[in-house]
Protein chains: 2
Amino acid sequence: MIVSKRYDQYCPIAHALGLVGERWALLIVRELLQGPKRYTDLAAQLPGIGTNILAARLKDLETCGVLTKRRLPPPAASQVYELTPYGEALKPVMRQLAIWGIQSLGEPKEDELYPGWLEGALDTVFAPVAPAGAFEFRVGDELVSIVDGEARVGAAEQPDVVIETNAVGFYWLFVERRFDGVTVEGDRELLERLLDAAAAPVGGPPVAA
Amino acid sequence: MIVSKRYDQYCPIAHALGLVGERWALLIVRELLQGPKRYTDLAAQLPGIGTNILAARLKDLETCGVLTKRRLPPPAASQVYELTPYGEALKPVMRQLAIWGIQSLGEPKEDELYPGWLEGALDTVFAPVAPAGAFEFRVGDELVSIVDGEARVGAAEQPDVVIETNAVGFYWLFVERRFDGVTVEGDRELLERLLDAAAAPVGGPPVAA
DNA sequence: CCGCATCCCCAAAGATACTG
DNA sequence: CAGTATCTTTGGGGATGCGG
């Protein structure tokens, strides 16, 4: 398993795929973008992964410098996995993958969403390109703000704009700029600038996948 | 094979990986970013792929709307594969993957490079974020220009800046802003703006992979 | 419990030969 | 040239076991 079975080309993309291109690898990174997690928590968030695969991936990702295993100080005897700076640098990749994928994903059904999804979305997709200002998103029962380009759970102190909708409204707002079912209070133009910055208009595949 | 074995989550990233996350898939996309190609040409550019895998991937990528099979008009009786607009929209993903991957790739050995590599690099990594102006790159025996945000093989008519180096110099110029072995004629500051726009400073993994 | 290692089974990948 | 057919090998999914 070690270092074998990669692509045999000098190419940054092929090399990157050699490091994080295997099944489950980028989903593990996705989980760790939300902060350090324990083995069991990872397994819980990745339905169907199988404990052997998880262990193998964690080992691989550790040896190639994407994440580190860290033992928590005495009171909590457990250990956690966390991204290295190089692993964190995958965020732009995840961002683009998410922007591309969502175009053919279709709107969410309410019961498919997991707690914290909005924070993940805002943190990786919107926050990195957010213009100066304070945004407050109230989507379903999630409440997350972006202030100075950083996503935070909870309300903003002095929000420039407050967006209220449900998950479906949020989906269409992002992929097609549709404001149906979306309530915007405050600086709507600032929100539009955020949406423009977040993603170029793409459109889905010719055949819905 | 059809539609099975995907990740079972409502998540744009998981969905994207379900479409293009399998082995070889993104490398096929990489090839087609350079324009339509025939089956045999693809096989030639992807050492070790195996004809059955290539055929299977092409079929999968076609059914999920990433590429199309097109039969060339009569004189040339062959058929080619080309990206759909949705497939082309993967370019930002490839861009970020390349930027991330190159940080731990190491400098090239001259015999590892394939003809046309510079055009690929400039087209997917630099051109999409290039500031207005005309850049001319002379790297080894490759000669490619970027004019108005588009990469083109050949010299620029009125270059604002001409960069001359070899592949190794080009590598370090990009990953560490080192100008050793790089000759810059004309507007050097414009080149620096291009480099700044192309990639945030990242740095490789703690352990060289 | 948590963090894996082991085992079994099957699906997918690799290699090669062959065909319209 | 553009694949399909066939065979072998590898890796993933699922369950279970086991030490700390």
# chains A, B, ... in the order shown; residues from 1 in each chain; ligands from 1

$ residues_around --residues "DG3 of chain D" --least-positions-apart "4" --cutoff "10 Å" --atoms "only C-alpha atoms (C1' of nucleotides)" --output "ChimeraX atom specification"
/B:39-40,51-52,54-55 /C:19-20

$ write_last_selection --atoms "C-alpha atoms (C1' of nucleotides)" --output "compact mmCIF listing (two decimals), in the first residue's frame"
# COMPACT_ATOMS: atom_id res chain seq x y z
CA TYR B 39 -9.86 7.40 -27.85
CA THR B 40 -6.39 6.32 -28.86
CA THR B 51 -8.41 0.10 -22.46
CA ASN B 52 -11.31 -1.31 -20.51
CA LEU B 54 -10.75 4.08 -20.27
CA ALA B 55 -13.85 2.87 -22.05
C1' DT C 19 -12.90 -8.40 -32.74
C1' DG C 20 -16.10 -5.19 -35.86

$ residues_around --residues "segment 11-17 of chain C" --least-positions-apart "2" --cutoff "9 Å" --atoms "only C-alpha atoms (C1' of nucleotides)" --output "JSON, numbers by chain"
{"B": [23, 48, 49, 50, 53], "D": [5, 6, 7, 8, 9, 10, 11, 12]}

$ residues_around --residues "Ile13 of chain B" --least-positions-apart "3" --cutoff "10 Å" --atoms "only C-alpha atoms (C1' of nucleotides)" --output "CSV table (one decimal) with N, CA and C atoms, in the first residue's frame"
chain,number,residue,atom,x,y,z
A,26,LEU,N,-10.9,12.7,0.5
A,26,LEU,CA,-11.3,14.1,0.5
A,26,LEU,C,-12.5,14.3,1.5
A,27,LEU,N,-13.3,13.2,1.7
A,27,LEU,CA,-14.4,13.4,2.7
A,27,LEU,C,-13.8,13.4,4.1
A,30,ARG,N,-12.7,16.9,4.4
A,30,ARG,CA,-13.9,17.7,4.6
A,30,ARG,C,-14.3,17.7,6.1
A,93,VAL,N,-9.6,23.8,-2.9
A,93,VAL,CA,-10.0,22.6,-3.8
A,93,VAL,C,-11.4,22.2,-3.4
A,94,MET,N,-11.7,22.1,-2.1
A,94,MET,CA,-13.0,21.7,-1.7
A,94,MET,C,-14.0,22.7,-2.1
A,95,ARG,N,-13.6,24.0,-2.0
A,95,ARG,CA,-14.5,25.0,-2.4
A,95,ARG,C,-15.0,24.9,-3.9
A,96,GLN,N,-14.0,24.6,-4.7
A,96,GLN,CA,-14.4,24.5,-6.2
A,96,GLN,C,-15.1,23.2,-6.4
A,97,LEU,N,-14.8,22.2,-5.8
A,97,LEU,CA,-15.5,20.9,-5.9
A,97,LEU,C,-16.9,21.1,-5.5
A,98,ALA,N,-17.1,21.8,-4.4
A,98,ALA,CA,-18.5,22.0,-3.9
A,98,ALA,C,-19.3,22.8,-4.9
A,99,ILE,N,-18.7,23.9,-5.4
A,99,ILE,CA,-19.4,24.8,-6.3
A,99,ILE,C,-19.8,24.0,-7.6
A,100,TRP,N,-18.8,23.2,-8.0
A,100,TRP,CA,-19.1,22.4,-9.2
A,100,TRP,C,-20.2,21.3,-9.0
A,101,GLY,N,-20.0,20.6,-7.8
A,101,GLY,CA,-20.9,19.5,-7.5
A,101,GLY,C,-22.4,20.0,-7.3
A,102,ILE,N,-22.5,21.1,-6.7
A,102,ILE,CA,-23.9,21.5,-6.3
A,102,ILE,C,-24.7,21.8,-7.5
A,105,LEU,N,-26.5,18.7,-8.1
A,105,LEU,CA,-26.9,17.9,-6.9
A,105,LEU,C,-28.4,17.9,-6.7
B,7,TYR,N,-21.2,7.8,-2.7
B,7,TYR,CA,-21.3,8.1,-1.3
B,7,TYR,C,-22.8,8.4,-0.9
B,9,GLN,N,-24.6,10.6,1.0
B,9,GLN,CA,-24.8,11.8,1.8
B,9,GLN,C,-25.3,12.9,0.9
B,10,TYR,N,-26.0,13.8,1.4
B,10,TYR,CA,-26.4,15.0,0.7
B,10,TYR,C,-25.3,16.0,0.9
B,16,ALA,N,-19.9,15.5,-6.1
B,16,ALA,CA,-18.9,15.7,-7.1
B,16,ALA,C,-17.9,14.6,-7.2
B,17,LEU,N,-17.5,14.0,-6.0
B,17,LEU,CA,-16.6,12.9,-6.0
B,17,LEU,C,-17.3,11.7,-6.6
B,18,GLY,N,-18.6,11.6,-6.4
B,18,GLY,CA,-19.3,10.5,-7.0
B,18,GLY,C,-19.3,10.5,-8.5
B,19,LEU,N,-19.2,11.7,-9.1
B,19,LEU,CA,-19.2,11.9,-10.5
B,19,LEU,C,-17.8,11.8,-11.1
B,21,GLY,N,-14.8,11.3,-9.1
B,21,GLY,CA,-13.9,10.9,-8.0
B,21,GLY,C,-13.2,9.6,-8.2

$ residues_around --residues "DG19 of chain D" --least-positions-apart "3" --cutoff "12 Å" --atoms "only C-alpha atoms (C1' of nucleotides)" --output "PDB file with C-alpha atoms (C1' of nucleotides), in the first residue's frame"
ATOM      1  C1'  DC C   2     -12.091   3.867  21.674  1.00  0.00           C
ATOM      2  C1'  DG C   3      -8.832   2.703  18.238  1.00  0.00           C
ATOM      3  C1'  DC C   4      -7.727   0.003  15.480  1.00  0.00           C
ATOM      4  C1'  DA C   5      -6.143  -5.159  13.218  1.00  0.00           C
TER       5       DA C   5
END

$ atom_distance --atom1 "atom CA of Glu119 of chain A" --atom2 "atom CA of Asp160 of chain A"
18.6 Å

$ atom_distance --atom1 "atom CA of Pro128 of chain A" --atom2 "atom CA of Asp180 of chain A"
25.7 Å

$ atom_distance --atom1 "atom CA of Asp41 of chain A" --atom2 "atom CA of Pro92 of chain A"
24.1 Å

$ residues_around --residues "Ser78 of chain B" --least-positions-apart "2" --cutoff "12 Å" --atoms "only C-alpha atoms (C1' of nucleotides)" --output "JSON, numbers by chain"
{"B": [36, 37, 38, 39, 40, 41, 69, 70, 71, 72, 73, 74, 75, 76, 80, 81], "D": [1, 2]}

$ write_last_selection --atoms "N, CA and C atoms (P, O5', C5', C4', C3', O3' and C1' of nucleotides)" --output "CSV table (one decimal), in the first residue's frame"
chain,number,residue,atom,x,y,z
B,36,PRO,N,-10.8,18.6,-27.8
B,36,PRO,CA,-11.4,17.2,-28.1
B,36,PRO,C,-10.2,16.3,-28.5
B,37,LYS,N,-10.4,15.0,-28.1
B,37,LYS,CA,-9.4,14.0,-28.4
B,37,LYS,C,-10.0,12.7,-28.7
B,38,ARG,N,-9.3,11.9,-29.5
B,38,ARG,CA,-9.8,10.6,-29.8
B,38,ARG,C,-9.4,9.6,-28.7
B,39,TYR,N,-10.1,8.5,-28.8
B,39,TYR,CA,-9.9,7.4,-27.9
B,39,TYR,C,-8.4,7.0,-27.7
B,40,THR,N,-7.8,6.8,-28.9
B,40,THR,CA,-6.4,6.3,-28.9
B,40,THR,C,-5.4,7.4,-28.3
B,41,ASP,N,-5.7,8.6,-28.6
B,41,ASP,CA,-4.9,9.7,-28.1
B,41,ASP,C,-5.0,9.8,-26.6
B,69,LYS,N,-19.5,12.3,-26.8
B,69,LYS,CA,-18.9,11.7,-27.9
B,69,LYS,C,-19.4,12.3,-29.2
B,70,ARG,N,-18.5,12.7,-30.1
B,70,ARG,CA,-18.9,13.4,-31.3
B,70,ARG,C,-18.2,12.7,-32.5
B,71,ARG,N,-19.0,12.5,-33.5
B,71,ARG,CA,-18.4,11.9,-34.7
B,71,ARG,C,-18.0,13.0,-35.7
B,72,LEU,N,-16.8,13.0,-36.1
B,72,LEU,CA,-16.3,14.1,-37.0
B,72,LEU,C,-17.0,14.0,-38.3
B,73,PRO,N,-17.2,15.1,-39.0
B,73,PRO,CA,-17.8,15.2,-40.3
B,73,PRO,C,-17.0,14.3,-41.3
B,74,PRO,N,-17.7,13.7,-42.3
B,74,PRO,CA,-17.2,12.7,-43.2
B,74,PRO,C,-15.7,12.6,-43.6
B,75,PRO,N,-15.0,13.7,-44.0
B,75,PRO,CA,-13.6,13.5,-44.4
B,75,PRO,C,-12.9,12.7,-43.4
B,76,ALA,N,-12.9,13.1,-42.1
B,76,ALA,CA,-12.3,12.4,-41.1
B,76,ALA,C,-13.4,11.5,-40.4
B,80,VAL,N,-14.5,11.8,-31.7
B,80,VAL,CA,-13.7,12.4,-30.6
B,80,VAL,C,-14.6,12.6,-29.4
B,81,TYR,N,-13.9,12.7,-28.3
B,81,TYR,CA,-14.5,13.0,-27.0
B,81,TYR,C,-14.2,14.5,-26.7
D,1,DC,P,-4.3,4.4,-35.0
D,1,DC,O5',-5.9,4.1,-35.2
D,1,DC,C5',-6.7,4.9,-36.0
D,1,DC,C4',-8.1,4.6,-35.6
D,1,DC,C3',-8.5,4.9,-34.2
D,1,DC,O3',-9.7,5.6,-34.2
D,1,DC,C1',-9.0,2.7,-34.7
D,2,DA,P,-10.2,6.3,-32.8
D,2,DA,O5',-11.1,5.3,-32.2
D,2,DA,C5',-12.3,4.9,-32.9
D,2,DA,C4',-13.0,3.8,-32.1
D,2,DA,C3',-13.1,3.9,-30.6
D,2,DA,O3',-14.4,3.6,-30.2
D,2,DA,C1',-12.1,1.9,-31.1

$ select_by_dssp --residues "segment 59-153 of chain A" --states "strand (DSSP E)" --output "number ranges by chain"
A: 67-71, 79-83, 134-139, 142-147, 150-153

$ write_last_selection --atoms "C-alpha atoms" --output "CSV table (one decimal), in the first residue's frame"
chain,number,residue,atom,x,y,z
A,67,LEU,CA,-3.0,15.5,8.8
A,68,THR,CA,-1.5,14.7,12.1
A,69,LYS,CA,-2.5,12.5,15.0
A,70,ARG,CA,-2.4,14.3,18.3
A,71,ARG,CA,-2.9,13.0,21.8
A,79,GLN,CA,-6.5,11.3,20.5
A,80,VAL,CA,-7.6,13.5,17.7
A,81,TYR,CA,-6.8,13.9,14.0
A,82,GLU,CA,-6.3,17.4,12.7
A,83,LEU,CA,-5.2,18.9,9.4
A,134,ALA,CA,-21.3,41.5,8.4
A,135,PHE,CA,-23.7,38.9,7.0
A,136,GLU,CA,-26.2,36.9,9.1
A,137,PHE,CA,-27.7,33.8,7.7
A,138,ARG,CA,-30.8,32.2,9.2
A,139,VAL,CA,-31.5,29.1,7.3
A,142,GLU,CA,-29.2,27.1,11.6
A,143,LEU,CA,-27.9,30.5,12.4
A,144,VAL,CA,-24.4,31.5,11.1
A,145,SER,CA,-22.7,34.8,10.4
A,146,ILE,CA,-19.9,35.9,8.3
A,147,VAL,CA,-17.9,38.8,9.7
A,150,GLU,CA,-14.9,34.5,8.8
A,151,ALA,CA,-17.8,32.2,9.4
A,152,ARG,CA,-19.2,32.0,13.0
A,153,VAL,CA,-22.1,30.1,14.5

$ closest_residue --among "B:Ile163, B:Gly106, B:Cys64, B:Gly120" --to "Gly35 of chain B" --atoms "only C-alpha atoms"
B:Gly120

$ select_by_dssp --residues "segment 4-207 of chain B" --states "helix (DSSP H, G or I)" --output "compact mmCIF listing (two decimals) with N, CA and C atoms, in the first residue's frame"
# COMPACT_ATOMS: atom_id res chain seq x y z
N PRO B 12 -22.46 18.49 -1.57
CA PRO B 12 -21.95 18.82 -2.90
C PRO B 12 -20.61 18.17 -3.20
N ILE B 13 -19.76 18.10 -2.19
CA ILE B 13 -18.44 17.51 -2.40
C ILE B 13 -18.54 16.01 -2.63
N ALA B 14 -19.33 15.35 -1.80
CA ALA B 14 -19.52 13.91 -1.98
C ALA B 14 -20.15 13.62 -3.33
N HIS B 15 -21.08 14.47 -3.73
CA HIS B 15 -21.72 14.28 -5.03
C HIS B 15 -20.71 14.46 -6.16
N ALA B 16 -19.92 15.50 -6.07
CA ALA B 16 -18.89 15.74 -7.09
C ALA B 16 -17.94 14.56 -7.18
N LEU B 17 -17.53 14.04 -6.03
CA LEU B 17 -16.62 12.90 -6.04
C LEU B 17 -17.30 11.66 -6.60
N GLY B 18 -18.60 11.58 -6.42
CA GLY B 18 -19.32 10.48 -7.03
C GLY B 18 -19.26 10.54 -8.55
N LEU B 19 -19.22 11.74 -9.09
CA LEU B 19 -19.18 11.90 -10.54
C LEU B 19 -17.78 11.76 -11.11
N VAL B 20 -16.83 12.42 -10.51
CA VAL B 20 -15.47 12.45 -11.08
C VAL B 20 -14.40 12.01 -10.10
N ALA B 25 -10.51 9.45 -13.63
CA ALA B 25 -11.55 10.33 -14.18
C ALA B 25 -11.05 11.75 -14.40
N LEU B 26 -10.42 12.32 -13.38
CA LEU B 26 -9.99 13.71 -13.52
C LEU B 26 -8.81 13.85 -14.46
N LEU B 27 -8.06 12.78 -14.64
CA LEU B 27 -6.96 12.87 -15.61
C LEU B 27 -7.50 12.86 -17.03
N ILE B 28 -8.59 12.17 -17.24
CA ILE B 28 -9.25 12.22 -18.55
C ILE B 28 -9.76 13.64 -18.79
N VAL B 29 -10.35 14.22 -17.77
CA VAL B 29 -10.82 15.60 -17.90
C VAL B 29 -9.65 16.53 -18.20
N ARG B 30 -8.55 16.32 -17.52
CA ARG B 30 -7.37 17.13 -17.77
C ARG B 30 -6.97 17.09 -19.24
N GLU B 31 -6.96 15.90 -19.81
CA GLU B 31 -6.60 15.77 -21.22
C GLU B 31 -7.58 16.54 -22.11
N LEU B 32 -8.85 16.41 -21.79
CA LEU B 32 -9.85 17.02 -22.67
C LEU B 32 -9.94 18.53 -22.48
N TYR B 39 -10.06 8.47 -28.83
CA TYR B 39 -9.86 7.40 -27.85
C TYR B 39 -8.38 7.02 -27.74
N THR B 40 -7.78 6.79 -28.86
CA THR B 40 -6.39 6.32 -28.86
C THR B 40 -5.44 7.37 -28.33
N ASP B 41 -5.72 8.63 -28.63
CA ASP B 41 -4.86 9.69 -28.11
C ASP B 41 -4.96 9.77 -26.60
N LEU B 42 -6.18 9.61 -26.10
CA LEU B 42 -6.36 9.60 -24.65
C LEU B 42 -5.55 8.46 -24.04
N ALA B 43 -5.69 7.29 -24.60
CA ALA B 43 -4.97 6.13 -24.08
C ALA B 43 -3.47 6.38 -24.09
N ALA B 44 -2.99 7.05 -25.13
CA ALA B 44 -1.56 7.30 -25.25
C ALA B 44 -1.07 8.27 -24.17
N GLN B 45 -1.91 9.24 -23.81
CA GLN B 45 -1.52 10.25 -22.83
C GLN B 45 -1.71 9.79 -21.40
N THR B 51 -7.35 -0.34 -21.55
CA THR B 51 -8.41 0.10 -22.46
C THR B 51 -9.80 -0.08 -21.87
N ASN B 52 -9.98 -1.10 -21.09
CA ASN B 52 -11.31 -1.31 -20.51
C ASN B 52 -11.69 -0.21 -19.55
N ILE B 53 -10.74 0.19 -18.73
CA ILE B 53 -10.99 1.27 -17.78
C ILE B 53 -11.30 2.57 -18.51
N LEU B 54 -10.50 2.85 -19.52
CA LEU B 54 -10.75 4.08 -20.27
C LEU B 54 -12.15 4.08 -20.87
N ALA B 55 -12.51 2.96 -21.47
CA ALA B 55 -13.85 2.87 -22.05
C ALA B 55 -14.93 3.06 -20.99
N ALA B 56 -14.74 2.42 -19.85
CA ALA B 56 -15.74 2.52 -18.78
C ALA B 56 -15.86 3.96 -18.28
N ARG B 57 -14.72 4.61 -18.07
CA ARG B 57 -14.75 5.99 -17.58
C ARG B 57 -15.43 6.92 -18.58
N LEU B 58 -15.07 6.75 -19.83
CA LEU B 58 -15.67 7.60 -20.85
C LEU B 58 -17.19 7.44 -20.85
N LYS B 59 -17.63 6.22 -20.70
CA LYS B 59 -19.07 5.98 -20.67
C LYS B 59 -19.70 6.65 -19.45
N ASP B 60 -19.07 6.46 -18.29
CA ASP B 60 -19.59 7.07 -17.06
C ASP B 60 -19.63 8.58 -17.17
N LEU B 61 -18.53 9.15 -17.63
CA LEU B 61 -18.45 10.61 -17.71
C LEU B 61 -19.43 11.15 -18.73
N GLU B 62 -19.73 10.34 -19.74
CA GLU B 62 -20.71 10.79 -20.72
C GLU B 62 -22.12 10.78 -20.12
N THR B 63 -22.45 9.70 -19.43
CA THR B 63 -23.80 9.61 -18.88
C THR B 63 -24.05 10.64 -17.78
N PRO B 85 -20.05 21.96 -21.49
CA PRO B 85 -19.82 23.15 -20.65
C PRO B 85 -19.68 22.78 -19.18
N TYR B 86 -20.47 21.80 -18.74
CA TYR B 86 -20.37 21.38 -17.35
C TYR B 86 -19.01 20.74 -17.08
N GLY B 87 -18.50 20.03 -18.03
CA GLY B 87 -17.17 19.47 -17.89
C GLY B 87 -16.10 20.55 -17.88
N GLU B 88 -16.26 21.53 -18.74
CA GLU B 88 -15.32 22.66 -18.77
C GLU B 88 -15.30 23.38 -17.43
N LYS B 91 -12.59 23.25 -14.68
CA LYS B 91 -11.28 23.88 -14.76
C LYS B 91 -10.84 24.53 -13.44
N PRO B 92 -11.73 25.26 -12.74
CA PRO B 92 -11.30 25.81 -11.45
C PRO B 92 -10.91 24.73 -10.44
N VAL B 93 -11.57 23.60 -10.51
CA VAL B 93 -11.19 22.50 -9.63
C VAL B 93 -9.79 22.03 -9.97
N MET B 94 -9.54 21.83 -11.24
CA MET B 94 -8.21 21.39 -11.67
C MET B 94 -7.15 22.42 -11.29
N ARG B 95 -7.53 23.66 -11.44
CA ARG B 95 -6.61 24.74 -11.09
C ARG B 95 -6.16 24.63 -9.64
N GLN B 96 -7.12 24.49 -8.75
CA GLN B 96 -6.79 24.42 -7.33
C GLN B 96 -6.06 23.14 -6.99
N LEU B 97 -6.46 22.06 -7.62
CA LEU B 97 -5.75 20.80 -7.38
C LEU B 97 -4.30 20.91 -7.80
N ALA B 98 -4.07 21.55 -8.95
CA ALA B 98 -2.70 21.69 -9.44
C ALA B 98 -1.88 22.57 -8.51
N ILE B 99 -2.48 23.68 -8.07
CA ILE B 99 -1.78 24.59 -7.17
C ILE B 99 -1.41 23.88 -5.87
N TRP B 100 -2.34 23.07 -5.38
CA TRP B 100 -2.07 22.34 -4.15
C TRP B 100 -1.03 21.25 -4.37
N GLY B 101 -1.19 20.53 -5.44
CA GLY B 101 -0.31 19.40 -5.69
C GLY B 101 1.13 19.79 -5.94
N ILE B 102 1.31 20.92 -6.63
CA ILE B 102 2.66 21.28 -7.04
C ILE B 102 3.53 21.64 -5.84
N GLU B 110 14.05 17.14 -16.62
CA GLU B 110 13.74 17.56 -17.99
C GLU B 110 13.03 16.47 -18.81
N ASP B 111 13.40 15.22 -18.57
CA ASP B 111 12.84 14.18 -19.44
C ASP B 111 11.44 13.74 -18.99
N GLU B 112 10.96 14.35 -17.91
CA GLU B 112 9.62 13.97 -17.46
C GLU B 112 8.54 14.80 -18.15
N TRP B 117 3.18 20.96 -22.18
CA TRP B 117 2.93 21.10 -20.75
C TRP B 117 2.75 22.57 -20.36
N LEU B 118 3.53 23.44 -20.98
CA LEU B 118 3.46 24.85 -20.58
C LEU B 118 2.12 25.46 -20.95
N GLU B 119 1.60 25.09 -22.11
CA GLU B 119 0.30 25.61 -22.49
C GLU B 119 -0.76 25.17 -21.49
N GLY B 120 -0.72 23.90 -21.12
CA GLY B 120 -1.66 23.41 -20.13
C GLY B 120 -1.57 24.18 -18.83
N ALA B 121 -0.35 24.36 -18.35
CA ALA B 121 -0.15 25.05 -17.09
C ALA B 121 -0.67 26.49 -17.16
N LEU B 122 -0.27 27.19 -18.20
CA LEU B 122 -0.67 28.59 -18.30
C LEU B 122 -2.18 28.71 -18.50
N ASP B 123 -2.74 27.79 -19.28
CA ASP B 123 -4.17 27.89 -19.57
C ASP B 123 -5.03 27.63 -18.35
N THR B 124 -4.69 26.62 -17.57
CA THR B 124 -5.59 26.31 -16.46
C THR B 124 -5.23 27.04 -15.18
N VAL B 125 -3.94 27.30 -14.97
CA VAL B 125 -3.56 27.90 -13.70
C VAL B 125 -3.44 29.42 -13.77
N PHE B 126 -2.83 29.93 -14.82
CA PHE B 126 -2.53 31.36 -14.85
C PHE B 126 -3.58 32.19 -15.60
N ALA B 127 -3.94 31.76 -16.79
CA ALA B 127 -4.82 32.57 -17.62
C ALA B 127 -6.13 32.98 -16.94
N PRO B 128 -6.78 32.07 -16.20
CA PRO B 128 -8.08 32.44 -15.61
C PRO B 128 -8.00 33.62 -14.64
N VAL B 129 -6.82 33.91 -14.11
CA VAL B 129 -6.71 35.00 -13.15
C VAL B 129 -5.74 36.08 -13.62
N ALA B 167 12.46 24.71 -17.26
CA ALA B 167 11.36 24.15 -16.49
C ALA B 167 11.60 24.26 -14.98
N VAL B 168 12.83 24.04 -14.58
CA VAL B 168 13.14 24.11 -13.16
C VAL B 168 12.98 25.54 -12.64
N GLY B 169 13.47 26.51 -13.41
CA GLY B 169 13.30 27.89 -13.03
C GLY B 169 11.83 28.27 -12.94
N PHE B 170 11.05 27.78 -13.86
CA PHE B 170 9.62 28.06 -13.87
C PHE B 170 8.95 27.48 -12.62
N TYR B 171 9.39 26.28 -12.27
CA TYR B 171 8.82 25.64 -11.08
C TYR B 171 9.03 26.49 -9.83
N TRP B 172 10.26 26.90 -9.60
CA TRP B 172 10.56 27.65 -8.38
C TRP B 172 10.01 29.06 -8.43
N LEU B 173 9.93 29.60 -9.62
CA LEU B 173 9.29 30.91 -9.74
C LEU B 173 7.86 30.85 -9.24
N PHE B 174 7.19 29.78 -9.57
CA PHE B 174 5.79 29.67 -9.18
C PHE B 174 5.62 29.30 -7.71
N VAL B 175 6.33 28.30 -7.23
CA VAL B 175 6.05 27.81 -5.89
C VAL B 175 6.72 28.65 -4.80
N GLU B 176 7.80 29.34 -5.15
CA GLU B 176 8.45 30.12 -4.10
C GLU B 176 8.84 31.53 -4.53
N ARG B 188 8.25 43.91 -15.05
CA ARG B 188 8.39 42.86 -14.06
C ARG B 188 7.29 42.92 -13.00
N GLU B 189 6.86 44.10 -12.71
CA GLU B 189 5.81 44.24 -11.69
C GLU B 189 4.51 43.59 -12.15
N LEU B 190 4.28 43.63 -13.46
CA LEU B 190 3.09 42.96 -14.00
C LEU B 190 3.17 41.45 -13.78
N LEU B 191 4.37 40.92 -13.96
CA LEU B 191 4.56 39.49 -13.71
C LEU B 191 4.30 39.16 -12.25
N GLU B 192 4.77 40.01 -11.37
CA GLU B 192 4.55 39.76 -9.94
C GLU B 192 3.06 39.78 -9.61
N ARG B 193 2.34 40.66 -10.27
CA ARG B 193 0.90 40.68 -10.03
C ARG B 193 0.25 39.40 -10.53
N LEU B 194 0.76 38.89 -11.64
CA LEU B 194 0.23 37.61 -12.14
C LEU B 194 0.50 36.49 -11.15
N LEU B 195 1.72 36.46 -10.62
CA LEU B 195 2.06 35.41 -9.66
C LEU B 195 1.22 35.52 -8.40
N ASP B 196 1.02 36.73 -7.94
CA ASP B 196 0.20 36.93 -6.76
C ASP B 196 -1.23 36.45 -6.99
N ALA B 197 -1.75 36.77 -8.17
CA ALA B 197 -3.13 36.40 -8.47
C ALA B 197 -3.27 34.89 -8.63
N ALA B 198 -2.21 34.25 -9.13
CA ALA B 198 -2.32 32.84 -9.47
C ALA B 198 -2.48 31.94 -8.26
